[in-house]
file final.pdb (PDB, C-alpha atoms and all ligand atoms)
ATOM      1  CA  MET C 152     130.760 152.605 114.725  1.00  0.00           C
ATOM      2  CA  LYS C 153     127.576 150.970 113.599  1.00  0.00           C
ATOM      3  CA  ARG C 154     127.431 147.233 113.957  1.00  0.00           C
ATOM      4  CA  PRO C 155     126.755 144.990 110.957  1.00  0.00           C
ATOM      5  CA  ALA C 156     123.019 144.619 110.327  1.00  0.00           C
ATOM      6  CA  SER C 157     123.101 140.811 110.634  1.00  0.00           C
ATOM      7  CA  PHE C 158     124.800 141.117 114.028  1.00  0.00           C
ATOM      8  CA  GLU C 159     122.191 143.629 115.242  1.00  0.00           C
ATOM      9  CA  LYS C 160     119.477 141.246 114.119  1.00  0.00           C
ATOM     10  CA  LEU C 161     121.067 138.402 116.072  1.00  0.00           C
ATOM     11  CA  LEU C 162     121.193 140.584 119.216  1.00  0.00           C
ATOM     12  CA  THR C 163     117.536 141.529 118.798  1.00  0.00           C
ATOM     13  CA  ILE C 164     116.510 137.884 118.517  1.00  0.00           C
ATOM     14  CA  LEU C 165     118.551 136.815 121.528  1.00  0.00           C
ATOM     15  CA  ARG C 166     117.031 139.595 123.632  1.00  0.00           C
ATOM     16  CA  LYS C 167     113.616 138.049 123.076  1.00  0.00           C
ATOM     17  CA  LEU C 168     114.668 135.189 125.374  1.00  0.00           C
ATOM     18  CA  PRO C 169     113.759 135.560 129.065  1.00  0.00           C
ATOM     19  CA  SER C 170     116.386 137.194 131.307  1.00  0.00           C
ATOM     20  CA  VAL C 171     118.617 138.126 128.368  1.00  0.00           C
ATOM     21  CA  GLY C 172     119.592 141.790 128.509  1.00  0.00           C
ATOM     22  CA  PRO C 173     121.984 143.780 126.280  1.00  0.00           C
ATOM     23  CA  LYS C 174     125.186 142.467 127.929  1.00  0.00           C
ATOM     24  CA  MET C 175     124.152 138.841 127.920  1.00  0.00           C
ATOM     25  CA  SER C 176     122.925 139.041 124.323  1.00  0.00           C
ATOM     26  CA  GLU C 177     126.361 140.309 123.230  1.00  0.00           C
ATOM     27  CA  ARG C 178     128.165 137.515 125.053  1.00  0.00           C
ATOM     28  CA  MET C 179     125.875 134.931 123.500  1.00  0.00           C
ATOM     29  CA  ALA C 180     126.186 136.461 120.031  1.00  0.00           C
ATOM     30  CA  PHE C 181     129.999 136.408 120.107  1.00  0.00           C
ATOM     31  CA  ARG C 182     129.967 132.816 121.294  1.00  0.00           C
ATOM     32  CA  ILE C 183     127.670 131.908 118.387  1.00  0.00           C
ATOM     33  CA  LEU C 184     129.919 133.758 115.906  1.00  0.00           C
ATOM     34  CA  ARG C 185     132.913 131.784 117.118  1.00  0.00           C
ATOM     35  CA  MET C 186     131.211 128.428 116.494  1.00  0.00           C
ATOM     36  CA  THR C 187     132.656 126.205 113.769  1.00  0.00           C
ATOM     37  CA  GLU C 188     130.534 125.323 110.731  1.00  0.00           C
ATOM     38  CA  GLU C 189     129.771 121.974 112.296  1.00  0.00           C
ATOM     39  CA  GLU C 190     128.822 123.438 115.679  1.00  0.00           C
ATOM     40  CA  ILE C 191     126.458 126.001 114.185  1.00  0.00           C
ATOM     41  CA  LYS C 192     124.808 123.352 112.015  1.00  0.00           C
ATOM     42  CA  ASP C 193     124.269 121.146 115.052  1.00  0.00           C
ATOM     43  CA  PHE C 194     122.994 124.146 117.061  1.00  0.00           C
ATOM     44  CA  ILE C 195     120.416 125.082 114.412  1.00  0.00           C
ATOM     45  CA  GLU C 196     119.257 121.470 113.980  1.00  0.00           C
ATOM     46  CA  THR C 197     118.887 121.024 117.735  1.00  0.00           C
ATOM     47  CA  LEU C 198     116.710 124.138 117.975  1.00  0.00           C
ATOM     48  CA  GLN C 199     114.570 122.992 115.060  1.00  0.00           C
ATOM     49  CA  ASP C 200     114.180 119.426 116.387  1.00  0.00           C
ATOM     50  CA  ALA C 201     113.204 120.580 119.884  1.00  0.00           C
ATOM     51  CA  HIS C 202     110.778 123.118 118.447  1.00  0.00           C
ATOM     52  CA  LYS C 203     109.184 120.482 116.229  1.00  0.00           C
ATOM     53  CA  GLU C 204     109.074 117.571 118.669  1.00  0.00           C
ATOM     54  CA  VAL C 205     108.254 119.130 122.016  1.00  0.00           C
ATOM     55  CA  ARG C 206     104.725 120.471 122.384  1.00  0.00           C
ATOM     56  CA  PRO C 207     102.070 120.943 125.058  1.00  0.00           C
ATOM     57  CA  CYS C 208     100.063 117.865 126.088  1.00  0.00           C
ATOM     58  CA  VAL C 209      96.420 118.047 124.969  1.00  0.00           C
ATOM     59  CA  ILE C 210      95.273 116.948 128.424  1.00  0.00           C
ATOM     60  CA  CYS C 211      97.504 118.674 130.982  1.00  0.00           C
ATOM     61  CA  GLY C 212      99.530 121.237 129.006  1.00  0.00           C
ATOM     62  CA  HIS C 213     102.931 119.847 130.035  1.00  0.00           C
ATOM     63  CA  TRP C 214     105.544 120.139 127.260  1.00  0.00           C
ATOM     64  CA  ASP C 215     106.694 116.712 126.122  1.00  0.00           C
ATOM     65  CA  ASP C 216     107.616 114.844 122.949  1.00  0.00           C
ATOM     66  CA  SER C 217     104.296 112.996 122.926  1.00  0.00           C
ATOM     67  CA  SER C 218     100.746 114.218 123.375  1.00  0.00           C
ATOM     68  CA  PRO C 219      99.103 113.005 125.605  1.00  0.00           C
ATOM     69  CA  CYS C 220     102.369 113.360 127.528  1.00  0.00           C
ATOM     70  CA  ARG C 221     104.176 110.474 129.213  1.00  0.00           C
ATOM     71  CA  ILE C 222     102.683 111.451 132.588  1.00  0.00           C
ATOM     72  CA  CYS C 223      99.054 111.468 131.374  1.00  0.00           C
ATOM     73  CA  SER C 224      99.633 108.170 129.514  1.00  0.00           C
ATOM     74  CA  ASP C 225     101.188 106.447 132.538  1.00  0.00           C
ATOM     75  CA  GLU C 226      98.695 103.861 133.826  1.00  0.00           C
ATOM     76  CA  THR C 227     100.483 103.549 137.182  1.00  0.00           C
ATOM     77  CA  ARG C 228      99.791 107.169 138.102  1.00  0.00           C
ATOM     78  CA  ASP C 229      97.087 108.106 140.573  1.00  0.00           C
ATOM     79  CA  LYS C 230      94.591 109.982 138.413  1.00  0.00           C
ATOM     80  CA  THR C 231      92.529 111.039 141.440  1.00  0.00           C
ATOM     81  CA  VAL C 232      95.119 113.569 142.670  1.00  0.00           C
ATOM     82  CA  LEU C 233      95.830 116.534 140.444  1.00  0.00           C
ATOM     83  CA  CYS C 234      98.548 119.108 141.045  1.00  0.00           C
ATOM     84  CA  VAL C 235      97.994 122.536 139.483  1.00  0.00           C
ATOM     85  CA  VAL C 236     101.183 124.397 138.547  1.00  0.00           C
ATOM     86  CA  GLU C 237     102.038 127.580 136.695  1.00  0.00           C
ATOM     87  CA  ASN C 238     104.367 126.163 134.040  1.00  0.00           C
ATOM     88  CA  SER C 239     106.016 123.077 132.650  1.00  0.00           C
ATOM     89  CA  GLN C 240     109.265 123.672 134.597  1.00  0.00           C
ATOM     90  CA  ASP C 241     107.198 123.284 137.775  1.00  0.00           C
ATOM     91  CA  VAL C 242     106.134 119.806 136.611  1.00  0.00           C
ATOM     92  CA  GLN C 243     109.817 118.866 136.469  1.00  0.00           C
ATOM     93  CA  ALA C 244     110.278 120.274 139.994  1.00  0.00           C
ATOM     94  CA  VAL C 245     107.307 118.437 141.553  1.00  0.00           C
ATOM     95  CA  GLY C 246     108.399 115.334 139.636  1.00  0.00           C
ATOM     96  CA  ARG C 247     111.468 115.204 141.865  1.00  0.00           C
ATOM     97  CA  ILE C 248     109.248 114.371 144.855  1.00  0.00           C
ATOM     98  CA  ARG C 249     109.399 110.623 145.048  1.00  0.00           C
ATOM     99  CA  ASP C 250     106.083 110.205 146.864  1.00  0.00           C
ATOM    100  CA  PHE C 251     104.028 112.294 144.485  1.00  0.00           C
ATOM    101  CA  ASN C 252     102.422 109.999 141.943  1.00  0.00           C
ATOM    102  CA  GLY C 253      99.460 112.081 140.830  1.00  0.00           C
ATOM    103  CA  VAL C 254      98.896 113.977 137.600  1.00  0.00           C
ATOM    104  CA  TYR C 255      99.238 117.644 136.669  1.00  0.00           C
ATOM    105  CA  HIS C 256      97.545 120.601 135.091  1.00  0.00           C
ATOM    106  CA  VAL C 257      99.755 123.374 133.694  1.00  0.00           C
ATOM    107  CA  LEU C 258      98.054 126.786 133.702  1.00  0.00           C
ATOM    108  CA  GLY C 259     100.615 128.358 131.390  1.00  0.00           C
ATOM    109  CA  GLY C 260     100.705 131.544 133.484  1.00  0.00           C
ATOM    110  CA  VAL C 261      98.990 133.183 136.434  1.00  0.00           C
ATOM    111  CA  LEU C 262      96.314 135.833 136.768  1.00  0.00           C
ATOM    112  CA  SER C 263      97.739 139.321 136.712  1.00  0.00           C
ATOM    113  CA  PRO C 264      95.279 142.205 136.561  1.00  0.00           C
ATOM    114  CA  LEU C 265      98.203 144.634 136.150  1.00  0.00           C
ATOM    115  CA  GLU C 266      99.443 142.899 133.029  1.00  0.00           C
ATOM    116  CA  GLY C 267      95.921 142.314 131.784  1.00  0.00           C
ATOM    117  CA  ILE C 268      96.077 138.520 132.185  1.00  0.00           C
ATOM    118  CA  GLY C 269      92.599 137.265 133.020  1.00  0.00           C
ATOM    119  CA  PRO C 270      91.043 133.806 133.539  1.00  0.00           C
ATOM    120  CA  GLN C 271      90.460 133.353 129.791  1.00  0.00           C
ATOM    121  CA  ASP C 272      94.179 133.836 129.070  1.00  0.00           C
ATOM    122  CA  ILE C 273      95.358 130.805 131.043  1.00  0.00           C
ATOM    123  CA  GLN C 274      94.243 127.160 131.112  1.00  0.00           C
ATOM    124  CA  ILE C 275      91.420 127.479 133.646  1.00  0.00           C
ATOM    125  CA  ALA C 276      88.467 126.384 131.488  1.00  0.00           C
ATOM    126  CA  SER C 277      90.282 123.147 130.563  1.00  0.00           C
ATOM    127  CA  LEU C 278      91.066 122.558 134.260  1.00  0.00           C
ATOM    128  CA  MET C 279      87.403 122.889 135.229  1.00  0.00           C
ATOM    129  CA  LYS C 280      86.408 120.532 132.437  1.00  0.00           C
ATOM    130  CA  ARG C 281      88.872 117.930 133.713  1.00  0.00           C
ATOM    131  CA  LEU C 282      87.703 118.286 137.306  1.00  0.00           C
ATOM    132  CA  GLU C 283      84.149 117.770 136.202  1.00  0.00           C
ATOM    133  CA  GLY C 284      84.816 114.834 133.900  1.00  0.00           C
ATOM    134  CA  GLU C 285      87.667 112.952 135.600  1.00  0.00           C
ATOM    135  CA  PRO C 286      87.433 111.138 138.959  1.00  0.00           C
ATOM    136  CA  ILE C 287      89.631 113.699 140.743  1.00  0.00           C
ATOM    137  CA  VAL C 288      89.192 113.873 144.538  1.00  0.00           C
ATOM    138  CA  GLU C 289      92.035 116.220 145.459  1.00  0.00           C
ATOM    139  CA  VAL C 290      93.452 119.296 143.754  1.00  0.00           C
ATOM    140  CA  ILE C 291      96.793 120.568 145.053  1.00  0.00           C
ATOM    141  CA  LEU C 292      97.291 124.241 144.221  1.00  0.00           C
ATOM    142  CA  ALA C 293     101.102 124.410 143.958  1.00  0.00           C
ATOM    143  CA  LEU C 294     101.442 128.012 142.865  1.00  0.00           C
ATOM    144  CA  ASN C 295     104.095 130.502 143.903  1.00  0.00           C
ATOM    145  CA  SER C 296     103.249 132.495 146.994  1.00  0.00           C
ATOM    146  CA  ASP C 297     103.735 135.876 145.319  1.00  0.00           C
ATOM    147  CA  VAL C 298     100.783 138.217 144.682  1.00  0.00           C
ATOM    148  CA  GLU C 299      99.864 136.754 141.283  1.00  0.00           C
ATOM    149  CA  GLY C 300     100.184 133.155 142.501  1.00  0.00           C
ATOM    150  CA  GLU C 301      98.018 133.929 145.520  1.00  0.00           C
ATOM    151  CA  THR C 302      95.380 135.756 143.425  1.00  0.00           C
ATOM    152  CA  THR C 303      95.253 132.775 141.073  1.00  0.00           C
ATOM    153  CA  ALA C 304      95.000 130.257 143.920  1.00  0.00           C
ATOM    154  CA  GLN C 305      92.137 132.212 145.546  1.00  0.00           C
ATOM    155  CA  TYR C 306      90.298 132.453 142.238  1.00  0.00           C
ATOM    156  CA  LEU C 307      90.719 128.740 141.512  1.00  0.00           C
ATOM    157  CA  ALA C 308      89.693 127.725 145.033  1.00  0.00           C
ATOM    158  CA  LYS C 309      86.428 129.633 144.629  1.00  0.00           C
ATOM    159  CA  GLN C 310      85.678 128.086 141.230  1.00  0.00           C
ATOM    160  CA  ILE C 311      86.573 124.574 142.407  1.00  0.00           C
ATOM    161  CA  THR C 312      84.386 124.941 145.510  1.00  0.00           C
ATOM    162  CA  PHE C 313      81.376 125.730 143.302  1.00  0.00           C
ATOM    163  CA  LEU C 314      82.237 122.819 141.055  1.00  0.00           C
ATOM    164  CA  SER C 315      82.660 120.502 144.033  1.00  0.00           C
ATOM    165  CA  ILE C 316      79.091 121.261 145.153  1.00  0.00           C
ATOM    166  CA  LYS C 317      77.901 120.504 141.633  1.00  0.00           C
ATOM    167  CA  VAL C 318      79.742 117.160 141.339  1.00  0.00           C
ATOM    168  CA  GLN C 319      78.544 116.162 144.826  1.00  0.00           C
ATOM    169  CA  SER C 320      74.951 116.555 143.738  1.00  0.00           C
ATOM    170  CA  ASN C 321      75.764 114.674 140.522  1.00  0.00           C
ATOM    171  CA  GLY C 322      76.821 111.437 142.231  1.00  0.00           C
ATOM    172  CA  ARG C 323      80.375 112.105 143.477  1.00  0.00           C
ATOM    173  CA  PRO C 324      79.605 112.449 147.195  1.00  0.00           C
ATOM    174  CA  GLU C 325      83.255 112.940 148.186  1.00  0.00           C
ATOM    175  CA  GLY C 326      83.418 116.168 146.131  1.00  0.00           C
ATOM    176  CA  ILE C 327      86.780 117.746 145.355  1.00  0.00           C
ATOM    177  CA  ARG C 328      89.197 118.551 148.177  1.00  0.00           C
ATOM    178  CA  ILE C 329      91.436 121.599 147.698  1.00  0.00           C
ATOM    179  CA  THR C 330      94.879 121.601 149.309  1.00  0.00           C
ATOM    180  CA  ARG C 331      98.092 123.571 149.049  1.00  0.00           C
ATOM    181  CA  PRO C 332     101.666 122.721 149.993  1.00  0.00           C
ATOM    182  CA  ALA C 333     102.604 123.567 153.598  1.00  0.00           C
ATOM    183  CA  GLN C 334     104.257 126.934 154.158  1.00  0.00           C
ATOM    184  CA  GLY C 335     107.722 126.680 152.730  1.00  0.00           C
ATOM    185  CA  LEU C 336     107.111 127.946 149.229  1.00  0.00           C
ATOM    186  CA  PRO C 337     109.076 131.165 149.645  1.00  0.00           C
ATOM    187  CA  ALA C 338     107.332 134.401 148.665  1.00  0.00           C
ATOM    188  CA  GLY C 339     107.991 134.962 145.002  1.00  0.00           C
ATOM    189  CA  GLY C 340     110.143 131.850 145.005  1.00  0.00           C
ATOM    190  CA  GLU C 341     109.750 129.609 142.053  1.00  0.00           C
ATOM    191  CA  LEU C 342     109.092 125.927 142.538  1.00  0.00           C
ATOM    192  CA  GLU C 343     111.750 124.959 140.049  1.00  0.00           C
ATOM    193  CA  TYR C 344     114.481 126.373 142.292  1.00  0.00           C
ATOM    194  CA  MET C 345     113.374 124.591 145.456  1.00  0.00           C
ATOM    195  CA  ASP C 346     115.478 121.752 146.723  1.00  0.00           C
ATOM    196  CA  GLU C 347     113.993 118.291 146.819  1.00  0.00           C
ATOM    197  CA  LEU C 348     113.787 117.993 150.615  1.00  0.00           C
ATOM    198  CA  THR C 349     111.977 121.318 151.120  1.00  0.00           C
ATOM    199  CA  LEU C 350     109.608 120.471 148.300  1.00  0.00           C
ATOM    200  CA  THR C 351     108.935 116.974 149.683  1.00  0.00           C
ATOM    201  CA  ARG C 352     108.183 118.410 153.149  1.00  0.00           C
ATOM    202  CA  ALA C 353     105.927 121.090 151.687  1.00  0.00           C
ATOM    203  CA  PHE C 354     103.945 118.400 149.843  1.00  0.00           C
ATOM    204  CA  GLU C 355     103.783 115.938 152.731  1.00  0.00           C
ATOM    205  CA  GLY C 356     102.496 118.664 155.022  1.00  0.00           C
ATOM    206  CA  ARG C 357      99.931 119.938 152.567  1.00  0.00           C
ATOM    207  CA  ARG C 358      96.818 121.365 154.140  1.00  0.00           C
ATOM    208  CA  GLU C 359      93.295 122.374 153.270  1.00  0.00           C
ATOM    209  CA  PHE C 360      93.152 125.638 151.379  1.00  0.00           C
ATOM    210  CA  ASP C 361      91.752 128.523 153.468  1.00  0.00           C
ATOM    211  CA  ARG C 362      89.825 130.976 151.464  1.00  0.00           C
ATOM    212  CA  ASN C 363      89.988 134.642 152.358  1.00  0.00           C
TER     213      ASN C 363
HETATM  214 ZN    ZN U 401      99.770 115.442 130.012  1.00  0.00          ZN
END

call {"tool": "encode", "arguments": {"input": "final.pdb", "output": "structure tokens", "more": "lines below"}}
Ligand SMILES: [Zn+2]
result
Amino acid sequence: MKRPASFEKLLTILRKLPSVGPKMSERMAFRILRMTEEEIKDFIETLQDAHKEVRPCVICGHWDDSSPCRICSDETRDKTVLCVVENSQDVQAVGRIRDFNGVYHVLGGVLSPLEGIGPQDIQIASLMKRLEGEPIVEVILALNSDVEGETTAQYLAKQITFLSIKVQSNGRPEGIRITRPAQGLPAGGELEYMDELTLTRAFEGRREFDRN
């Protein structure tokens, strides 16, 4: 029997969310249908409020309820150390490391020639502009160690090396150091799922980036 059109539409919308397949979308849809009037009203308002209030920071791209975000506006943060991550969830993960007090840059994705994602599709130009204009002395490339993360890290390291030579000749003799967390970021593993201790060790033992 054909399902009601409104129910089909709900399933289609739910399936647009990451990791939601046909089975999961049905479970979610039935749970939504069973909500009381009050619960569904609260659910809709919560979605609308979050969608309206949380947006990417104009400086670093982290999603927060203020822009510049609370991290970029925090005067106690060390603005000379910048950690480059793939997405906003990674900022939350690195934020769990007590000793990391630097700032971030969220790329909003990684390079993927197979999916047609090139340098202009992620926040690389804004990163280079920051590195040139802000007194940053170290960039930590905290990207996943899967193929796309590695490709992106190699690309960025090359660009930052060129930029470092430029800033050195323009009166910043220390240049820009490029580091990456020590081995310990599992292949394909996402930062957000790493436990605090492993993440802290990987950051403490960070080393100079070797370019291939
Ligand atoms: Zn920010």

call {"tool": "residues_near_ligand", "arguments": {"input": "final.pdb", "ligand": "ligand ZN 401 (chain U)", "cutoff": "7 Å", "atoms": "all atoms listed in the file", "output": "list in words"}}
result
Cys208, Val209, Ile210, Cys211, Gly212, His213, Ser218, Pro219, Cys220, Arg221, Ile222 and Cys223 of chain C

call {"tool": "write_last_selection", "arguments": {"input": "final.pdb", "atoms": "C-alpha atoms", "output": "tab-separated table (two decimals), in the frame of the given file"}}
result
chain	number	residue	atom	x	y	z
C	208	CYS	CA	100.06	117.86	126.09
C	209	VAL	CA	96.42	118.05	124.97
C	210	ILE	CA	95.27	116.95	128.42
C	211	CYS	CA	97.50	118.67	130.98
C	212	GLY	CA	99.53	121.24	129.01
C	213	HIS	CA	102.93	119.85	130.04
C	218	SER	CA	100.75	114.22	123.38
C	219	PRO	CA	99.10	113.00	125.60
C	220	CYS	CA	102.37	113.36	127.53
C	221	ARG	CA	104.18	110.47	129.21
C	222	ILE	CA	102.68	111.45	132.59
C	223	CYS	CA	99.05	111.47	131.37

call {"tool": "residues_near_point", "arguments": {"input": "final.pdb", "point": "(101.4, 130.2, 132.2)", "cutoff": "8 Å", "atoms": "only C-alpha atoms", "output": "PDB file with C-alpha atoms, keeping the file's coordinate frame"}}
result
ATOM      1  CA  GLU C 237     102.038 127.580 136.695  1.00  0.00           C
ATOM      2  CA  ASN C 238     104.367 126.163 134.040  1.00  0.00           C
ATOM      3  CA  VAL C 257      99.755 123.374 133.694  1.00  0.00           C
ATOM      4  CA  LEU C 258      98.054 126.786 133.702  1.00  0.00           C
ATOM      5  CA  GLY C 259     100.615 128.358 131.390  1.00  0.00           C
ATOM      6  CA  GLY C 260     100.705 131.544 133.484  1.00  0.00           C
ATOM      7  CA  VAL C 261      98.990 133.183 136.434  1.00  0.00           C
ATOM      8  CA  ILE C 273      95.358 130.805 131.043  1.00  0.00           C
ATOM      9  CA  GLN C 274      94.243 127.160 131.112  1.00  0.00           C
TER      10      GLN C 274
END

call {"tool": "atom_distance", "arguments": {"input": "final.pdb", "atom1": "CA of Leu162 (chain C)", "atom2": "CA of Arg206 (chain C)"}}
result
26.2 Å

call {"tool": "resolve_selection", "arguments": {"input": "final.pdb", "expression": "the PyMOL selection byres (((chain C and resi 286) around 10) and not hetatm)", "output": "PyMOL selection string"}}
result
chain C and resi 230-232+281-285+287-289+323+326-327

call {"tool": "residues_near_point", "arguments": {"input": "final.pdb", "point": "(104.6, 131.3, 144.0)", "cutoff": "12 Å", "atoms": "all atoms listed in the file", "output": "ChimeraX atom specification"}}
result
/C:235-238,241,260-262,292-304,331-332,334-345

call {"tool": "atom_distance", "arguments": {"input": "final.pdb", "atom1": "CA of Gln243 (chain C)", "atom2": "CA of Arg357 (chain C)"}}
result
18.9 Å

call {"tool": "atom_distance", "arguments": {"input": "final.pdb", "atom1": "CA of Glu347 (chain C)", "atom2": "CA of Arg247 (chain C)"}}
result
6.4 Å

call {"tool": "resolve_selection", "arguments": {"input": "final.pdb", "expression": "the PyMOL selection byres (((chain C and resi 351) around 9) and not hetatm)", "output": "PyMOL selection string"}}
result
chain C and resi 245+247-251+346-350+352-356

call {"tool": "resolve_selection", "arguments": {"input": "final.pdb", "expression": "the PyMOL selection byres (((chain C and resi 183) around 12) and not hetatm)", "output": "NGL selection string"}}
result
:C and (158 or 161-162 or 165 or 176-182 or 184-195)

call {"tool": "closest_residue", "arguments": {"input": "final.pdb", "among": "C:Gln199, C:Ser170, C:Thr312, C:Thr163", "to": "Val290 (chain C)", "atoms": "only C-alpha atoms"}}
result
C:Thr312
